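J.: The file below is input38.tsv, TSV, C-alpha atoms:
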```
chain	number	residue	atom	x	y	z
A	1	MET	CA	35.29	28.90	-30.53
A	2	LYS	CA	35.13	30.85	-27.28
A	3	THR	CA	31.34	30.80	-27.27
A	4	ILE	CA	31.36	27.05	-27.81
A	5	ILE	CA	33.65	26.58	-24.81
A	6	VAL	CA	31.49	28.87	-22.68
A	7	LEU	CA	28.45	26.99	-23.84
A	8	LEU	CA	30.08	23.66	-23.04
A	9	ILE	CA	31.00	24.87	-19.55
A	10	PHE	CA	27.42	25.97	-19.03
A	11	CYS	CA	26.11	22.62	-20.24
A	12	PHE	CA	28.53	20.78	-17.98
A	13	ALA	CA	27.67	22.94	-14.97
A	14	PHE	CA	23.99	22.36	-15.63
A	15	ALA	CA	24.48	18.61	-15.96
A	16	VAL	CA	26.45	18.51	-12.70
A	17	THR	CA	23.81	20.46	-10.77
A	18	ALA	CA	21.13	18.27	-12.30
A	19	ILE	CA	22.92	15.15	-11.05
A	20	GLY	CA	23.60	16.82	-7.72
A	21	GLN	CA	19.91	17.48	-7.20
A	22	GLU	CA	18.97	13.86	-7.44
A	23	LYS	CA	16.65	12.27	-4.96
A	24	PHE	CA	17.29	8.97	-3.24
A	25	ALA	CA	14.45	7.38	-1.37
A	26	THR	CA	13.00	4.25	0.18
A	27	LYS	CA	9.67	3.08	1.55
A	28	THR	CA	11.12	-0.01	3.17
A	29	GLY	CA	13.55	1.47	5.68
A	30	GLU	CA	14.02	-0.29	9.00
A	31	ILE	CA	13.86	1.17	12.48
A	32	ASN	CA	14.38	-0.92	15.61
A	33	PHE	CA	14.21	0.25	19.14
A	34	GLU	CA	14.94	-1.43	22.40
A	35	ALA	CA	14.19	-0.31	25.95
A	36	SER	CA	14.85	-3.57	27.74
A	37	VAL	CA	15.90	-3.85	31.35
A	38	PRO	CA	18.03	-6.86	32.31
A	39	SER	CA	16.09	-9.76	33.89
A	40	PHE	CA	12.75	-8.36	32.72
A	41	GLU	CA	10.88	-9.13	29.52
A	42	GLU	CA	12.53	-7.70	26.44
A	43	VAL	CA	10.98	-4.43	25.23
A	44	LYS	CA	11.81	-4.34	21.58
A	45	ALA	CA	10.06	-3.46	18.36
A	46	GLU	CA	10.71	-3.26	14.67
A	47	ASN	CA	9.23	-1.31	11.77
A	48	ASN	CA	10.17	-2.34	8.23
A	49	ASN	CA	8.06	0.18	6.38
A	50	VAL	CA	9.81	3.45	7.18
A	51	SER	CA	10.04	6.06	4.44
A	52	ALA	CA	13.11	8.20	3.91
A	53	VAL	CA	14.25	10.73	1.30
A	54	LEU	CA	17.72	12.17	0.71
A	55	GLU	CA	18.37	15.10	-1.61
A	56	THR	CA	21.96	14.73	-2.68
A	57	GLY	CA	22.30	18.34	-3.86
A	58	THR	CA	21.48	19.91	-0.52
A	59	GLY	CA	22.12	17.06	1.92
A	60	ASN	CA	18.56	17.34	3.19
A	61	PHE	CA	17.32	14.15	4.77
A	62	ALA	CA	13.84	13.26	5.95
A	63	ALA	CA	12.35	10.10	7.43
A	64	LEU	CA	8.85	9.13	8.47
A	65	ALA	CA	7.72	6.14	10.51
A	66	LEU	CA	4.10	5.23	11.10
A	67	MET	CA	3.81	4.28	14.77
A	68	LYS	CA	1.29	1.53	14.14
A	69	GLY	CA	3.90	-0.12	11.95
A	70	PHE	CA	6.07	-1.03	14.96
A	71	ARG	CA	5.73	-4.74	15.70
A	72	PHE	CA	6.50	-6.30	19.08
A	73	LYS	CA	6.94	-9.96	19.87
A	74	VAL	CA	4.31	-9.74	22.63
A	75	ALA	CA	0.91	-8.57	21.35
A	76	LEU	CA	-0.10	-7.01	24.66
A	77	MET	CA	3.07	-4.94	24.72
A	78	GLU	CA	2.27	-3.70	21.22
A	79	GLU	CA	-1.21	-2.74	22.40
A	80	HIS	CA	0.14	-0.85	25.42
A	81	PHE	CA	2.74	0.90	23.29
A	82	ASN	CA	0.06	2.11	20.89
A	83	GLU	CA	-2.68	2.95	23.34
A	84	ASN	CA	-0.93	4.12	26.50
A	85	TYR	CA	2.51	5.39	25.65
A	86	ILE	CA	2.89	6.56	22.08
A	87	GLU	CA	-0.87	7.19	21.61
A	88	SER	CA	-0.66	6.24	17.96
A	89	SER	CA	-4.26	7.11	17.14
A	90	LYS	CA	-3.67	10.68	18.22
A	91	TYR	CA	-0.09	10.88	16.94
A	92	PRO	CA	0.12	8.35	14.10
A	93	LYS	CA	3.63	9.18	12.92
A	94	ALA	CA	7.15	10.07	13.96
A	95	THR	CA	9.23	12.22	11.64
A	96	PHE	CA	12.79	13.42	11.36
A	97	LYS	CA	13.82	16.30	9.13
A	98	GLY	CA	17.38	17.46	8.93
A	99	LYS	CA	20.47	18.37	6.98
A	100	ILE	CA	23.61	16.28	6.72
A	101	GLN	CA	26.64	18.37	7.64
A	102	ASP	CA	29.42	18.66	5.04
A	103	PHE	CA	27.68	16.27	2.69
A	104	ASP	CA	29.05	15.87	-0.81
A	105	TYR	CA	27.49	13.17	-2.92
A	106	PHE	CA	30.53	12.94	-5.18
A	107	GLU	CA	32.79	12.13	-2.24
A	108	LEU	CA	30.68	9.12	-1.24
A	109	SER	CA	32.42	5.80	-1.58
A	110	GLY	CA	33.17	3.67	1.45
A	111	GLU	CA	31.55	4.13	4.82
A	112	LYS	CA	31.95	7.59	6.26
A	113	GLU	CA	30.64	9.15	9.44
A	114	TYR	CA	28.47	12.22	9.22
A	115	VAL	CA	26.35	14.28	11.57
A	116	ILE	CA	22.74	15.07	10.69
A	117	ASN	CA	21.32	18.20	12.31
A	118	GLY	CA	17.61	17.93	12.54
A	119	THR	CA	14.34	17.83	14.38
A	120	PHE	CA	12.47	14.81	15.62
A	121	ASN	CA	8.73	14.95	15.93
A	122	LEU	CA	7.39	12.15	18.09
A	123	HIS	CA	4.22	11.99	20.18
A	124	GLY	CA	3.43	15.50	18.93
A	125	THR	CA	6.60	16.91	20.50
A	126	ASP	CA	9.56	18.44	18.64
A	127	LYS	CA	13.16	17.95	19.64
A	128	THR	CA	16.25	19.22	17.85
A	129	MET	CA	19.17	16.80	17.84
A	130	GLU	CA	22.51	16.03	16.26
A	131	VAL	CA	22.37	12.46	15.02
A	132	PRO	CA	25.56	10.65	14.04
A	133	ALA	CA	25.09	8.58	10.89
A	134	VAL	CA	27.17	6.39	8.63
A	135	ILE	CA	26.59	6.96	4.95
A	136	SER	CA	27.96	4.87	2.13
A	137	LYS	CA	27.38	4.21	-1.52
A	138	GLU	CA	27.00	0.77	-2.97
A	139	GLY	CA	26.44	0.60	-6.68
A	140	GLU	CA	23.48	2.87	-7.37
A	141	ASP	CA	22.22	2.80	-3.79
A	142	VAL	CA	23.02	5.09	-0.89
A	143	TRP	CA	22.95	3.51	2.59
A	144	VAL	CA	22.23	5.62	5.64
A	145	THR	CA	22.54	3.94	9.04
A	146	ALA	CA	22.24	5.55	12.44
A	147	GLN	CA	22.22	4.60	16.10
A	148	PHE	CA	21.05	6.99	18.75
A	149	VAL	CA	19.29	7.29	22.09
A	150	LEU	CA	15.92	8.89	22.75
A	151	LYS	CA	14.35	9.50	26.14
A	152	PRO	CA	10.57	9.06	26.48
A	153	GLU	CA	10.34	11.95	28.98
A	154	GLU	CA	11.75	14.37	26.40
A	155	PHE	CA	8.79	13.62	24.17
A	156	ASN	CA	6.27	13.93	26.94
A	157	ILE	CA	5.67	10.18	27.05
A	158	LYS	CA	4.67	9.20	30.54
A	159	ILE	CA	5.43	5.71	31.79
A	160	PRO	CA	3.48	4.72	34.92
A	161	SER	CA	5.63	3.90	37.94
A	162	ILE	CA	4.34	0.29	38.11
A	163	VAL	CA	6.00	-0.58	34.82
A	164	SER	CA	8.80	1.99	34.80
A	165	LYS	CA	11.19	-0.57	36.31
A	166	LYS	CA	10.63	-2.82	33.33
A	167	ILE	CA	11.20	-0.15	30.69
A	168	ALA	CA	14.57	1.57	30.32
A	169	ASP	CA	14.77	5.38	30.63
A	170	GLU	CA	16.91	5.46	27.53
A	171	VAL	CA	15.59	3.93	24.36
A	172	ASN	CA	18.21	2.69	21.92
A	173	VAL	CA	17.13	3.29	18.36
A	174	SER	CA	18.80	2.01	15.23
A	175	ALA	CA	17.84	2.85	11.68
A	176	VAL	CA	18.89	1.40	8.34
A	177	PHE	CA	17.88	2.95	5.03
A	178	LYS	CA	18.79	1.60	1.63
A	179	LEU	CA	18.00	4.58	-0.55
A	180	GLN	CA	17.40	4.04	-4.22
A	181	LYS	CA	17.72	6.60	-6.96
A	182	GLN	CA	14.31	7.96	-7.94
B	1	MET	CA	-9.09	-35.14	54.96
B	2	LYS	CA	-10.94	-31.86	54.67
B	3	LYS	CA	-7.69	-29.97	54.81
B	4	LYS	CA	-6.29	-32.00	51.97
B	5	ARG	CA	-9.30	-31.24	49.83
B	6	LEU	CA	-9.04	-27.51	50.55
B	7	PHE	CA	-5.38	-27.62	49.63
B	8	LEU	CA	-6.14	-29.31	46.32
B	9	ILE	CA	-8.80	-26.75	45.46
B	10	LEU	CA	-6.37	-23.95	46.30
B	11	ILE	CA	-3.72	-25.42	44.01
B	12	LEU	CA	-6.26	-25.80	41.22
B	13	LEU	CA	-7.30	-22.14	41.60
B	14	VAL	CA	-3.70	-20.97	41.49
B	15	VAL	CA	-3.06	-23.04	38.36
B	16	ILE	CA	-6.20	-21.73	36.61
B	17	GLY	CA	-5.43	-18.15	37.69
B	18	GLY	CA	-1.86	-18.46	36.47
B	19	PHE	CA	-3.05	-19.88	33.19
B	20	MET	CA	-5.48	-16.98	32.69
B	21	VAL	CA	-2.84	-14.37	33.53
B	22	TYR	CA	-0.40	-16.06	31.16
B	23	ASN	CA	-3.00	-16.14	28.40
B	24	TYR	CA	-3.71	-12.45	28.91
B	25	MET	CA	-0.03	-11.49	28.94
B	26	TYR	CA	0.89	-13.59	25.96
B	27	GLN	CA	-2.26	-13.37	23.87
B	28	ASP	CA	-1.82	-13.88	20.17
B	29	HIS	CA	-1.27	-11.10	17.69
B	30	ARG	CA	-4.20	-10.11	15.54
B	31	ASP	CA	-4.49	-12.32	12.50
B	32	ILE	CA	-5.33	-9.81	9.78
B	33	GLN	CA	-5.56	-12.56	7.19
B	34	SER	CA	-8.50	-14.22	8.95
B	35	GLU	CA	-10.28	-10.98	9.91
B	36	THR	CA	-13.13	-9.82	7.72
B	37	SER	CA	-12.39	-6.45	6.16
B	38	GLN	CA	-14.50	-3.58	7.39
B	39	LEU	CA	-14.33	-1.58	4.20
B	40	GLU	CA	-13.65	-2.11	0.52
B	41	ILE	CA	-12.22	0.93	-1.18
B	42	THR	CA	-10.27	1.88	-4.31
B	43	ALA	CA	-6.66	2.99	-3.82
B	44	PRO	CA	-7.08	6.60	-5.09
B	45	TYR	CA	-10.17	7.11	-2.96
B	46	LEU	CA	-8.41	5.82	0.16
B	47	LEU	CA	-5.61	8.34	-0.44
B	48	GLU	CA	-8.18	11.07	-0.98
B	49	ARG	CA	-9.75	10.29	2.40
B	50	PHE	CA	-6.44	10.71	4.20
B	51	LYS	CA	-5.57	13.87	2.27
B	52	THR	CA	-8.87	15.43	3.28
B	53	ASP	CA	-8.32	14.41	6.92
B	54	ASP	CA	-11.04	11.79	6.86
B	55	GLY	CA	-8.85	8.78	7.43
B	56	ALA	CA	-8.29	8.63	11.19
B	57	SER	CA	-11.23	6.29	11.66
B	58	LEU	CA	-9.56	3.75	9.37
B	59	LEU	CA	-6.34	3.48	11.39
B	60	ASN	CA	-5.61	-0.03	12.61
B	61	LYS	CA	-8.66	-1.36	10.72
B	62	THR	CA	-8.58	-4.28	8.35
B	63	ILE	CA	-9.60	-3.05	4.91
B	64	THR	CA	-9.59	-4.27	1.33
B	65	VAL	CA	-8.06	-2.01	-1.28
B	66	THR	CA	-8.50	-2.44	-5.01
B	67	GLY	CA	-6.30	-0.92	-7.68
B	68	THR	CA	-3.67	-1.37	-10.35
B	69	ILE	CA	-0.09	-2.18	-9.39
B	70	THR	CA	2.14	0.75	-10.30
B	71	SER	CA	5.38	-0.41	-8.69
B	72	ILE	CA	6.87	-3.37	-6.91
B	73	GLU	CA	9.20	-3.13	-3.92
B	74	GLU	CA	10.85	-5.63	-1.61
B	75	GLY	CA	7.90	-7.52	-0.14
B	76	ALA	CA	5.45	-4.80	-1.07
B	77	VAL	CA	3.50	-3.25	-3.92
B	78	THR	CA	2.11	0.20	-4.65
B	79	LEU	CA	-1.39	0.57	-6.07
B	80	ASN	CA	-2.23	3.51	-8.33
B	81	GLU	CA	0.73	5.41	-6.81
B	82	SER	CA	-1.50	6.03	-3.82
B	83	VAL	CA	-1.48	2.97	-1.54
B	84	TYR	CA	1.57	1.04	-0.38
B	85	ALA	CA	0.85	-2.50	0.79
B	86	SER	CA	3.48	-4.62	2.50
B	87	PHE	CA	2.80	-8.35	2.51
B	88	HIS	CA	2.54	-10.54	5.56
B	89	GLU	CA	4.62	-13.65	5.04
B	90	GLU	CA	4.14	-15.08	1.62
B	91	ILE	CA	4.97	-12.61	-1.05
B	92	PRO	CA	2.84	-13.37	-4.08
B	93	GLU	CA	4.35	-13.13	-7.53
B	94	LEU	CA	3.00	-9.99	-9.07
B	95	ARG	CA	3.84	-7.67	-11.89
B	96	ALA	CA	3.04	-4.08	-12.71
B	97	ASN	CA	-0.18	-3.04	-14.47
B	98	ILE	CA	-2.37	-5.83	-13.18
B	99	LYS	CA	-5.51	-5.20	-11.17
B	100	VAL	CA	-5.58	-6.62	-7.66
B	101	ALA	CA	-7.54	-6.59	-4.42
B	102	ILE	CA	-5.43	-6.60	-1.26
B	103	LYS	CA	-6.52	-7.01	2.33
B	104	GLY	CA	-4.42	-5.51	5.09
B	105	ARG	CA	-4.22	-3.31	8.16
B	106	CYS	CA	-4.26	0.44	7.52
B	107	ILE	CA	-1.35	1.99	9.46
B	108	GLY	CA	-1.56	5.59	8.29
B	109	TYR	CA	-0.67	8.32	5.82
B	110	ASP	CA	2.91	8.93	4.75
B	111	GLU	CA	3.39	12.59	3.84
B	112	LEU	CA	6.86	12.09	2.38
B	113	PHE	CA	5.55	9.97	-0.47
B	114	GLU	CA	1.93	11.11	-0.21
B	115	ILE	CA	0.85	7.53	0.14
B	116	VAL	CA	-1.34	5.49	2.49
B	117	LYS	CA	0.39	2.48	4.04
B	118	LEU	CA	-1.00	-0.96	4.80
B	119	ASP	CA	0.85	-3.80	6.51
B	120	GLN	CA	0.30	-7.55	7.03
B	121	CYS	CA	-1.37	-7.70	3.64
B	122	THR	CA	-2.63	-10.71	1.74
B	123	LEU	CA	-3.61	-10.88	-1.89
B	124	ILE	CA	-7.32	-11.55	-2.36
B	125	LYS	CA	-7.37	-11.54	-6.14
```
Could I get this file's structure written as structure tokens?
T.:
Amino acid sequence: MKTIIVLLIFCFAFAVTAIGQEKFATKTGEINFEASVPSFEEVKAENNNVSAVLETGTGNFAALALMKGFRFKVALMEEHFNENYIESSKYPKATFKGKIQDFDYFELSGEKEYVINGTFNLHGTDKTMEVPAVISKEGEDVWVTAQFVLKPEEFNIKIPSIVSKKIADEVNVSAVFKLQKQ
Amino acid sequence: MKKKRLFLILILLVVIGGFMVYNYMYQDHRDIQSETSQLEITAPYLLERFKTDDGASLLNKTITVTGTITSIEEGAVTLNESVYASFHEEIPELRANIKVAIKGRCIGYDELFEIVKLDQCTLIK
């Protein structure tokens, strides 16, 4: 009898860790950024093909955006973004790798605020940051949304003085990921 | 009389100049659908090229990729688990396990999923 109970506990523990180790991911995450200055042309772009992976067991979170996937309303702006600022042929992607603090998959229900500690890699430059994020669970999906500010100078992105008036020093970034169970 | 003529010519020049500047500033986006593809390649081979660091020359190029659909996402399909293609405007009705050729713009290699991504795709067949 005792062995059966012990065995059952083991089985249960194993099942729980197995569930806890699940991966949630998406290839169609959205990232928008805006660096507009009032009374000048809007500087805004969107990428709808961002990948992200969340490991529910560890709280590890990773995201990857291909820079050429950012679309602007004005074609010339898109060209300048790729060729002069972000240099997307040299640095084709931006990544974020981090760990969600105090994350427990089984506590997920409504929206809850978390902090993700991680490292951005953009324009070939690393920067460690604490990113506030809202995480929620809807049916089988886990939603991760975040809003934060990045500064081009911190990633060694130089903006010539002629246009610097038209581009904000602080770039507002927002990300939405609908992560599906893999 | 001469002055009037000069003035008219000046105005015409300003209008033409303005028009050219405007056209340059607000030129149209590339139309991938109407561009001829520069390369036709199978999905696994395209992935192989990026994995062996031989893909940089394909970035931003319009290419045609052939393969079998292995999964379907929102507005996108994955071919042979190696190429992810997101469609431009019309999303064709597709199902898994059929062979297709897709034209799109190569935007790079995604290490997280080990997949090459294409955007602004159209179905060729």
J.: Give me the residues near stretch 26-37 of chain A as JSON, numbers by chain, where near means some atom within 7 Å (using only C-alpha atoms) and where sequence neighbours in that chain fewer than 2 positions away do not count.
T.: {"A": [39, 40, 42, 43, 44, 45, 46, 47, 48, 49, 50, 51, 52, 53, 166, 167, 168, 170, 171, 172, 173, 174, 175, 176, 177, 178, 179, 180]}
J.: Show me a table, sorted first by chain and then by increasing residue number, of the residues of chain A having an atom at most 10 Å from chain B, each with its shortest atom pair and the distance in Å to one decimal, counting only C-alpha atoms and written as CSV.
T.:
```
residue,atom,partner,partner_atom,distance
A:Ala25,CA,B:Phe113,CA,9.3
A:Thr26,CA,B:Glu73,CA,9.3
A:Lys27,CA,B:Phe113,CA,8.3
A:Thr28,CA,B:Glu74,CA,7.4
A:Asn48,CA,B:Ser86,CA,9.1
A:Asn49,CA,B:Ser86,CA,7.7
A:Val50,CA,B:Asp110,CA,9.1
A:Ser51,CA,B:Leu112,CA,7.1
A:Ala52,CA,B:Leu112,CA,7.5
A:Val53,CA,B:Leu112,CA,7.6
A:Ala62,CA,B:Leu112,CA,7.9
A:Ala63,CA,B:Leu112,CA,7.7
A:Leu64,CA,B:Asp110,CA,7.0
A:Ala65,CA,B:Asp110,CA,8.0
A:Leu66,CA,B:Gly108,CA,6.3
A:Met67,CA,B:Ile107,CA,7.8
A:Lys68,CA,B:Ile107,CA,5.4
A:Gly69,CA,B:Ile107,CA,6.2
A:Phe70,CA,B:Ile107,CA,9.7
A:Arg71,CA,B:His29,CA,9.7
A:Phe72,CA,B:His29,CA,9.2
A:Lys73,CA,B:His29,CA,8.6
A:Val74,CA,B:Tyr26,CA,6.1
A:Ala75,CA,B:His29,CA,5.0
A:Leu76,CA,B:Met25,CA,6.2
A:Met77,CA,B:Met25,CA,8.4
A:Glu78,CA,B:His29,CA,8.9
A:Glu79,CA,B:His29,CA,9.6
A:Ser88,CA,B:Leu59,CA,9.1
A:Ser89,CA,B:Leu59,CA,7.1
A:Lys90,CA,B:Ala56,CA,8.7
A:Pro92,CA,B:Gly108,CA,6.6
A:Lys93,CA,B:Gly108,CA,7.8
A:Thr95,CA,B:Leu112,CA,9.6
```
J.: Would you save the residues from that selection as an mmCIF file, in the frame of the given file, using C-alpha atoms?
T.:
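See result.cif below for the written result:
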```cif
data_model
loop_
_atom_site.group_PDB
_atom_site.id
_atom_site.type_symbol
_atom_site.label_atom_id
_atom_site.label_comp_id
_atom_site.auth_asym_id
_atom_site.auth_seq_id
_atom_site.Cartn_x
_atom_site.Cartn_y
_atom_site.Cartn_z
ATOM 1 C CA ALA A 25 14.450 7.380 -1.370
ATOM 2 C CA THR A 26 13.000 4.250 0.180
ATOM 3 C CA LYS A 27 9.670 3.080 1.550
ATOM 4 C CA THR A 28 11.120 -0.010 3.170
ATOM 5 C CA ASN A 48 10.170 -2.340 8.230
ATOM 6 C CA ASN A 49 8.060 0.180 6.380
ATOM 7 C CA VAL A 50 9.810 3.450 7.180
ATOM 8 C CA SER A 51 10.040 6.060 4.440
ATOM 9 C CA ALA A 52 13.110 8.200 3.910
ATOM 10 C CA VAL A 53 14.250 10.730 1.300
ATOM 11 C CA ALA A 62 13.840 13.260 5.950
ATOM 12 C CA ALA A 63 12.350 10.100 7.430
ATOM 13 C CA LEU A 64 8.850 9.130 8.470
ATOM 14 C CA ALA A 65 7.720 6.140 10.510
ATOM 15 C CA LEU A 66 4.100 5.230 11.100
ATOM 16 C CA MET A 67 3.810 4.280 14.770
ATOM 17 C CA LYS A 68 1.290 1.530 14.140
ATOM 18 C CA GLY A 69 3.900 -0.120 11.950
ATOM 19 C CA PHE A 70 6.070 -1.030 14.960
ATOM 20 C CA ARG A 71 5.730 -4.740 15.700
ATOM 21 C CA PHE A 72 6.500 -6.300 19.080
ATOM 22 C CA LYS A 73 6.940 -9.960 19.870
ATOM 23 C CA VAL A 74 4.310 -9.740 22.630
ATOM 24 C CA ALA A 75 0.910 -8.570 21.350
ATOM 25 C CA LEU A 76 -0.100 -7.010 24.660
ATOM 26 C CA MET A 77 3.070 -4.940 24.720
ATOM 27 C CA GLU A 78 2.270 -3.700 21.220
ATOM 28 C CA GLU A 79 -1.210 -2.740 22.400
ATOM 29 C CA SER A 88 -0.660 6.240 17.960
ATOM 30 C CA SER A 89 -4.260 7.110 17.140
ATOM 31 C CA LYS A 90 -3.670 10.680 18.220
ATOM 32 C CA PRO A 92 0.120 8.350 14.100
ATOM 33 C CA LYS A 93 3.630 9.180 12.920
ATOM 34 C CA THR A 95 9.230 12.220 11.640
#
```
J.: Just give me the gap between atom CA of A:Asp104 and atom CA of A:Val134 in Å, one decimal is fine.
T.: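 Here the two named atoms are 13.5 Å from each other.
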J.: Take atom CA of A:Pro38 and atom CA of A:Lys165 and report the distance between them in Å, one decimal.
T.: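 We find that atom CA of A:Pro38 and atom CA of A:Lys165 lie 10.1 Å from each other.
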J.: Near B:Ile32, within 10 Å and counting all atoms listed in the file, which residues show up once chain neighbours fewer than 4 positions away are dropped, as a PyMOL selection string?
T.: chain B and resi 36-37+61-63+88+103-105+119-122
J.: Quick one: residues within 8 Å of stretch 110-121 of chain A, only C-alpha atoms counted, chain neighbours fewer than 4 positions away excluded, as a compact mmCIF listing (two decimals) with C-alpha atoms, in the coordinates of the input?
T.:
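Written out: around00.txt:
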```txt
# COMPACT_ATOMS: atom_id res chain seq x y z
CA ALA A 94 7.15 10.07 13.96
CA THR A 95 9.23 12.22 11.64
CA PHE A 96 12.79 13.42 11.36
CA LYS A 97 13.82 16.30 9.13
CA GLY A 98 17.38 17.46 8.93
CA LYS A 99 20.47 18.37 6.98
CA ILE A 100 23.61 16.28 6.72
CA GLN A 101 26.64 18.37 7.64
CA ASP A 102 29.42 18.66 5.04
CA PHE A 103 27.68 16.27 2.69
CA THR A 125 6.60 16.91 20.50
CA ASP A 126 9.56 18.44 18.64
CA LYS A 127 13.16 17.95 19.64
CA THR A 128 16.25 19.22 17.85
CA MET A 129 19.17 16.80 17.84
CA GLU A 130 22.51 16.03 16.26
CA VAL A 131 22.37 12.46 15.02
CA PRO A 132 25.56 10.65 14.04
CA ALA A 133 25.09 8.58 10.89
CA VAL A 134 27.17 6.39 8.63
CA ILE A 135 26.59 6.96 4.95
CA SER A 136 27.96 4.87 2.13
CA LYS A 137 27.38 4.21 -1.52
```
J.: N, CA and C atoms for stretch 59-71 of chain B, written as an mmCIF file, keeping the file's coordinate frame, could you do that?
T.:
```cif
data_model
loop_
_atom_site.group_PDB
_atom_site.id
_atom_site.type_symbol
_atom_site.label_atom_id
_atom_site.label_comp_id
_atom_site.auth_asym_id
_atom_site.auth_seq_id
_atom_site.Cartn_x
_atom_site.Cartn_y
_atom_site.Cartn_z
ATOM 1 N N LEU B 59 -7.603 3.946 10.811
ATOM 2 C CA LEU B 59 -6.340 3.480 11.390
ATOM 3 C C LEU B 59 -6.527 2.184 12.153
ATOM 4 N N ASN B 60 -5.614 1.244 11.905
ATOM 5 C CA ASN B 60 -5.610 -0.030 12.610
ATOM 6 C C ASN B 60 -6.768 -0.956 12.197
ATOM 7 N N LYS B 61 -7.534 -0.542 11.185
ATOM 8 C CA LYS B 61 -8.660 -1.360 10.720
ATOM 9 C C LYS B 61 -8.193 -2.252 9.573
ATOM 10 N N THR B 62 -8.855 -3.385 9.469
ATOM 11 C CA THR B 62 -8.580 -4.280 8.350
ATOM 12 C C THR B 62 -9.461 -3.869 7.174
ATOM 13 N N ILE B 63 -8.830 -3.500 6.072
ATOM 14 C CA ILE B 63 -9.600 -3.050 4.910
ATOM 15 C C ILE B 63 -9.109 -3.738 3.637
ATOM 16 N N THR B 64 -9.960 -3.729 2.633
ATOM 17 C CA THR B 64 -9.590 -4.270 1.330
ATOM 18 C C THR B 64 -9.445 -3.116 0.350
ATOM 19 N N VAL B 65 -8.319 -3.094 -0.335
ATOM 20 C CA VAL B 65 -8.060 -2.010 -1.280
ATOM 21 C C VAL B 65 -7.930 -2.596 -2.675
ATOM 22 N N THR B 66 -8.605 -1.979 -3.635
ATOM 23 C CA THR B 66 -8.500 -2.440 -5.010
ATOM 24 C C THR B 66 -7.765 -1.389 -5.839
ATOM 25 N N GLY B 67 -7.020 -1.858 -6.827
ATOM 26 C CA GLY B 67 -6.300 -0.920 -7.680
ATOM 27 C C GLY B 67 -5.367 -1.643 -8.627
ATOM 28 N N THR B 68 -4.614 -0.836 -9.387
ATOM 29 C CA THR B 68 -3.670 -1.370 -10.350
ATOM 30 C C THR B 68 -2.260 -1.200 -9.800
ATOM 31 N N ILE B 69 -1.464 -2.249 -9.908
ATOM 32 C CA ILE B 69 -0.090 -2.180 -9.390
ATOM 33 C C ILE B 69 0.728 -1.206 -10.233
ATOM 34 N N THR B 70 1.311 -0.202 -9.573
ATOM 35 C CA THR B 70 2.140 0.750 -10.300
ATOM 36 C C THR B 70 3.627 0.540 -10.040
ATOM 37 N N SER B 71 3.965 -0.053 -8.892
ATOM 38 C CA SER B 71 5.380 -0.410 -8.690
ATOM 39 C C SER B 71 5.496 -1.542 -7.690
#
```
